[in-house]
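target_26.txt follows; it contains compact mmCIF, C-alpha atoms.
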```txt
# COMPACT_ATOMS: atom_id res chain seq x y z
CA LYS C 1 -90.51 5.37 98.02
CA ARG C 2 -94.08 5.82 99.26
CA SER C 3 -94.40 9.21 97.58
CA ILE C 4 -93.11 7.84 94.27
CA ASP C 5 -95.60 4.96 94.49
CA TYR C 6 -98.51 7.41 94.79
CA ILE C 7 -97.25 9.82 92.13
CA LEU C 8 -96.54 7.12 89.54
CA SER C 9 -99.82 5.34 90.31
CA ILE C 10 -101.77 8.55 89.76
CA LEU C 11 -99.94 9.19 86.48
CA ILE C 12 -100.50 5.72 85.01
CA SER C 13 -104.03 5.07 86.31
CA PRO C 14 -105.87 6.95 83.49
CA ALA C 15 -104.08 4.77 80.91
CA LEU C 16 -105.25 1.63 82.75
CA LEU C 17 -108.96 2.45 82.85
CA ILE C 18 -109.89 1.16 79.38
CA PRO C 19 -107.75 -2.04 79.52
CA VAL C 20 -109.12 -2.85 82.98
CA PHE C 21 -112.71 -2.35 81.84
CA VAL C 22 -112.23 -4.47 78.70
CA ILE C 23 -110.51 -7.30 80.58
CA ALA C 24 -113.19 -7.34 83.29
CA LEU C 25 -115.91 -7.48 80.64
CA ILE C 26 -114.23 -10.36 78.79
CA ILE C 27 -113.88 -12.36 82.01
CA ARG C 28 -117.55 -11.90 82.85
CA LEU C 29 -118.75 -12.78 79.34
CA THR C 30 -116.52 -15.81 78.78
CA THR C 31 -116.42 -17.44 82.22
CA LYS C 32 -119.32 -15.94 84.24
CA ASN C 33 -116.73 -15.49 87.00
CA PRO C 34 -116.46 -12.30 89.03
CA ALA C 35 -113.79 -10.20 87.31
CA LEU C 36 -111.79 -9.60 90.51
CA TYR C 37 -110.21 -12.22 92.69
CA LYS C 38 -109.28 -11.32 96.28
CA GLN C 39 -106.93 -13.40 98.39
CA GLU C 40 -105.33 -12.83 101.78
CA ARG C 41 -101.64 -12.06 101.43
CA PHE C 42 -98.90 -11.10 103.88
CA GLY C 43 -97.51 -7.59 103.81
CA LYS C 44 -95.16 -5.34 105.74
CA GLY C 45 -94.82 -6.21 109.40
CA GLY C 46 -96.60 -9.53 108.88
CA LYS C 47 -99.98 -7.83 108.50
CA THR C 48 -102.43 -9.48 106.12
CA PHE C 49 -104.44 -7.71 103.44
CA LEU C 50 -106.71 -8.62 100.52
CA CYS C 51 -104.63 -8.63 97.34
CA TYR C 52 -106.54 -7.90 94.12
CA LYS C 53 -106.04 -9.74 90.84
CA PHE C 54 -108.12 -10.53 87.80
CA GLN C 55 -109.83 -13.91 88.10
CA THR C 56 -107.91 -16.45 86.01
CA MET C 57 -109.22 -19.80 87.28
CA TYR C 58 -112.35 -21.89 87.03
CA PRO C 59 -114.75 -21.75 90.03
CA ASP C 60 -113.80 -25.30 91.17
CA ALA C 61 -110.05 -24.59 91.09
CA GLU C 62 -109.32 -25.88 94.61
CA GLU C 63 -111.03 -29.21 93.97
CA LYS C 64 -109.17 -29.55 90.65
CA LEU C 65 -105.84 -28.92 92.37
CA LYS C 66 -106.41 -31.56 95.05
CA ASP C 67 -107.36 -34.10 92.38
CA ILE C 68 -104.31 -33.28 90.25
CA LEU C 69 -101.84 -33.52 93.13
CA GLN C 70 -103.28 -36.85 94.26
CA LYS C 71 -103.18 -38.46 90.80
CA ASP C 72 -100.10 -36.91 89.15
CA PRO C 73 -96.71 -37.40 90.91
CA ALA C 74 -94.91 -35.12 88.44
CA ALA C 75 -97.41 -32.33 89.04
CA ARG C 76 -97.10 -32.86 92.81
CA GLU C 77 -93.30 -32.56 92.59
CA GLU C 78 -93.59 -29.39 90.49
CA TRP C 79 -96.09 -27.89 92.95
CA ASN C 80 -93.87 -28.67 95.95
CA LYS C 81 -90.87 -27.06 94.23
CA HIS C 82 -92.41 -23.95 92.64
CA TRP C 83 -95.79 -23.68 94.41
CA LYS C 84 -97.49 -23.50 90.99
CA LEU C 85 -98.03 -25.61 87.85
CA LYS C 86 -96.67 -24.58 84.47
CA ASN C 87 -99.55 -26.08 82.49
CA ASP C 88 -102.23 -25.55 85.09
CA PRO C 89 -105.59 -27.06 83.99
CA ARG C 90 -107.38 -24.88 86.54
CA VAL C 91 -106.63 -21.76 84.49
CA THR C 92 -109.23 -20.48 82.01
CA PRO C 93 -108.23 -19.56 78.41
CA ILE C 94 -108.51 -15.82 79.11
CA GLY C 95 -106.75 -16.44 82.42
CA ARG C 96 -103.79 -18.04 80.65
CA PHE C 97 -103.45 -14.99 78.41
CA LEU C 98 -103.63 -12.65 81.40
CA ARG C 99 -100.98 -14.61 83.29
CA ASN C 100 -98.64 -14.85 80.31
CA THR C 101 -98.81 -11.08 79.87
CA SER C 102 -98.97 -10.33 83.64
CA LEU C 103 -102.14 -8.32 83.01
CA ASP C 104 -103.85 -10.30 85.78
CA GLU C 105 -101.94 -8.15 88.28
CA LEU C 106 -103.22 -4.78 87.06
CA PRO C 107 -105.86 -4.50 89.85
CA GLN C 108 -103.04 -4.44 92.42
CA ILE C 109 -102.73 -0.73 91.66
CA LEU C 110 -105.66 -0.47 94.11
CA ASN C 111 -103.50 -2.06 96.80
CA VAL C 112 -100.80 0.53 96.08
CA PHE C 113 -103.29 3.36 96.54
CA LYS C 114 -104.42 1.79 99.82
CA GLY C 115 -100.83 1.67 101.06
CA GLU C 116 -100.79 -2.12 101.29
CA MET C 117 -98.36 -2.63 98.40
CA SER C 118 -95.61 -0.82 96.55
CA LEU C 119 -94.93 -0.72 92.82
CA VAL C 120 -91.69 -2.63 93.51
CA GLY C 121 -91.05 -5.11 96.31
CA PRO C 122 -91.21 -8.81 97.24
CA ARG C 123 -94.06 -10.76 95.68
CA PRO C 124 -97.11 -10.77 98.01
CA LEU C 125 -97.40 -14.30 99.38
CA PRO C 126 -100.44 -16.23 100.68
CA ARG C 127 -100.50 -18.01 104.03
CA GLU C 128 -99.56 -21.45 102.66
CA SER C 129 -96.47 -19.99 100.96
CA MET C 130 -95.33 -18.19 104.10
CA GLN C 131 -95.63 -21.44 106.07
CA ARG C 132 -92.81 -22.90 103.98
CA TYR C 133 -90.81 -19.66 103.64
CA PRO C 134 -87.21 -20.08 104.89
CA GLU C 135 -87.19 -18.98 108.52
CA GLU C 136 -83.93 -17.03 108.20
CA GLU C 137 -85.28 -15.04 105.23
CA ALA C 138 -88.75 -14.20 106.63
CA PRO C 139 -87.69 -11.13 108.69
CA PHE C 140 -86.45 -9.40 105.53
CA TYR C 141 -89.70 -10.14 103.70
CA TYR C 142 -91.69 -8.39 106.45
CA MET C 143 -89.52 -5.24 106.40
CA VAL C 144 -91.07 -3.70 103.27
CA PRO C 145 -94.45 -3.67 101.49
CA PRO C 146 -94.82 -6.33 98.79
CA GLY C 147 -94.71 -5.10 95.20
CA ILE C 148 -96.64 -5.46 91.96
CA THR C 149 -93.26 -6.27 90.43
CA GLY C 150 -89.94 -7.08 91.99
CA LEU C 151 -86.55 -8.69 91.68
CA TRP C 152 -88.04 -12.20 91.41
CA GLN C 153 -90.32 -11.16 88.53
CA VAL C 154 -87.35 -9.96 86.49
CA SER C 155 -85.03 -12.84 87.46
CA GLY C 156 -86.70 -15.89 85.99
CA ARG C 157 -90.02 -15.96 87.84
CA SER C 158 -91.51 -19.46 87.63
CA ASN C 159 -88.26 -20.88 86.23
CA THR C 160 -86.58 -20.44 89.63
CA SER C 161 -86.82 -22.41 92.87
CA TYR C 162 -88.77 -21.25 95.92
CA GLU C 163 -85.57 -20.91 97.95
CA TYR C 164 -84.01 -18.71 95.26
CA HIS C 165 -87.18 -16.61 95.26
CA ALA C 166 -86.81 -16.04 99.02
CA SER C 167 -83.11 -15.18 98.71
CA LEU C 168 -83.89 -12.58 96.02
CA ASN C 169 -86.41 -10.92 98.34
CA SER C 170 -83.80 -10.66 101.08
CA TRP C 171 -81.15 -9.32 98.70
CA TYR C 172 -83.59 -6.65 97.51
CA VAL C 173 -84.31 -5.46 101.04
CA LYS C 174 -80.62 -5.43 102.06
CA ASN C 175 -79.54 -3.55 98.95
CA TRP C 176 -82.52 -1.29 98.27
CA ASP C 177 -82.10 2.14 96.77
CA LEU C 178 -84.27 4.22 94.46
CA TRP C 179 -82.19 3.38 91.39
CA LEU C 180 -82.75 -0.34 92.00
CA ASP C 181 -86.51 0.23 91.86
CA VAL C 182 -86.17 2.22 88.63
CA MET C 183 -84.10 -0.55 87.03
CA ILE C 184 -86.61 -3.22 88.09
CA LEU C 185 -89.54 -1.21 86.68
CA PHE C 186 -87.81 -0.81 83.31
CA LYS C 187 -86.74 -4.45 83.21
CA THR C 188 -90.30 -5.53 84.09
CA VAL C 189 -91.57 -4.03 80.82
CA TRP C 190 -88.98 -6.04 78.86
CA VAL C 191 -89.69 -9.29 80.76
CA VAL C 192 -93.45 -8.93 80.28
CA LEU C 193 -93.07 -8.29 76.55
CA LYS C 194 -90.85 -11.38 76.20
CA LYS C 195 -93.09 -13.40 78.57
CA GLU C 196 -90.03 -14.66 80.41
CA GLY C 197 -90.81 -17.15 83.17
CA ALA C 198 -94.57 -16.64 82.81
CA SER C 199 -96.97 -19.41 83.83
```
Starting from the coordinates I provided, produce the structure as structure tokens.
Amino acid sequence: KRSIDYILSILISPALLIPVFVIALIIRLTTKNPALYKQERFGKGGKTFLCYKFQTMYPDAEEKLKDILQKDPAAREEWNKHWKLKNDPRVTPIGRFLRNTSLDELPQILNVFKGEMSLVGPRPLPRESMQRYPEEEAPFYYMVPPGITGLWQVSGRSNTSYEYHASLNSWYVKNWDLWLDVMILFKTVWVVLKKEGAS
């Protein structure tokens, strides 16, 4: 699995150079934000690492979120259930496009090269998400590196509950084989093109 991650990453990286450069330039010109966003995520063995993504939010995103959750009960309920908002006012226009097309996750190829992530695996989760992760499912999450794509991403994504997300991660670990990864990679292309479950 590790060897395939490196080989495929090397093969696809040249094709990503121009899109990555263009996206980074657009972010800088339209929002004045740094193009890359780094956040601590949990990986294999419970070790933390800095996960790379394209910046998709306004600089005052955290303050906006607190204000929204205090004033909007429906948004608070959605956040508690899915840990994200479908129509998130913190997201910039270019950020919304990047999220809907999953292009915001392209920089995670750097995490794959560093050995912190895999092309396929559980979604890398931040500390606040792991604090509410089902205790019985957590050991399975820590058994493998998180992935740029995974079973959750091709099984409804934001249209599913947090508990279902955790159960998918455990099922993936228990039933992993190389063919499963291949199927998920192919299905990811289809899901991204259809924008299924994107938010």
Residues within 8 Å of (-92.9, -5.7, 113.3), counting only C-alpha atoms, listed as a PyMOL selection string: chain C and resi 44-46+142-143
Lys66 (chain C) surroundings by all atoms listed in the file, 12 Å radius, close-in-sequence under 4 positions cut, as a VMD selection string: chain C and resid 60 to 62 70 to 72 75 to 76 79 89 to 90
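Counting all atoms listed in the file and comparing C:Arg132, C:Thr92, C:Lys1, C:Asp67, the residue that lies closest to Thr31 (chain C) is C:Thr92.
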Using all atoms listed in the file, which residues sit within 7 Å of region 150-155 of chain C once same-chain residues fewer than 3 positions away are excluded, as a PDB file with C-alpha atoms, in the frame of the given file?
```pdb
ATOM      1  CA  VAL C 120     -91.690  -2.630  93.510  1.00  0.00           C
ATOM      2  CA  GLY C 121     -91.050  -5.110  96.310  1.00  0.00           C
ATOM      3  CA  PRO C 122     -91.210  -8.810  97.240  1.00  0.00           C
ATOM      4  CA  ARG C 123     -94.060 -10.760  95.680  1.00  0.00           C
ATOM      5  CA  GLY C 147     -94.710  -5.100  95.200  1.00  0.00           C
ATOM      6  CA  HIS C 165     -87.180 -16.610  95.260  1.00  0.00           C
ATOM      7  CA  LEU C 168     -83.890 -12.580  96.020  1.00  0.00           C
ATOM      8  CA  TYR C 172     -83.590  -6.650  97.510  1.00  0.00           C
ATOM      9  CA  ILE C 184     -86.610  -3.220  88.090  1.00  0.00           C
ATOM     10  CA  LYS C 187     -86.740  -4.450  83.210  1.00  0.00           C
ATOM     11  CA  THR C 188     -90.300  -5.530  84.090  1.00  0.00           C
ATOM     12  CA  VAL C 191     -89.690  -9.290  80.760  1.00  0.00           C
TER      13      VAL C 191
END
```
Please indicate the distance in Å from CA of Ala35 (chain C) to CA of Ile23 (chain C), rounded to one decimal place.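 Distance between the two atoms: 8.0 Å.
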Which of C:Lys84, C:Arg127, C:Arg2, C:Lys64 sits closest to Gly43 (chain C) [using only C-alpha atoms]: C:Arg127
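Each of C:Leu50, C:Leu16, C:Gln131, C:Pro146 was compared to Leu103 (chain C) using all atoms listed in the file, and C:Leu16 turns out to be the nearest.
Closest to Met183 (chain C) among C:Pro107, C:Thr149, C:Tyr162, C:Val22 is C:Thr149, based on all atoms listed in the file.
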Protein/DNA/RNA residues near (-105.3, -13.8, 84.9), cut 8 Å, all atoms listed in the file, as a PyMOL selection string: chain C and resi 53-57+94-99+102-105
Please determine, counting all atoms listed in the file, which residue among C:Pro59, C:Pro134, C:Asn100, C:Leu106 has the shortest atom-to-atom distance to Ile18 (chain C).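 Closest to Ile18 (chain C), using all atoms listed in the file: C:Leu106.
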Among the residues C:Val144, C:Leu17, C:Leu185, C:Leu119, the one that comes closest to Ile4 (chain C) [using only C-alpha atoms]: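 Ranked by minimum distance to Ile4 (chain C), first place goes to C:Leu119.
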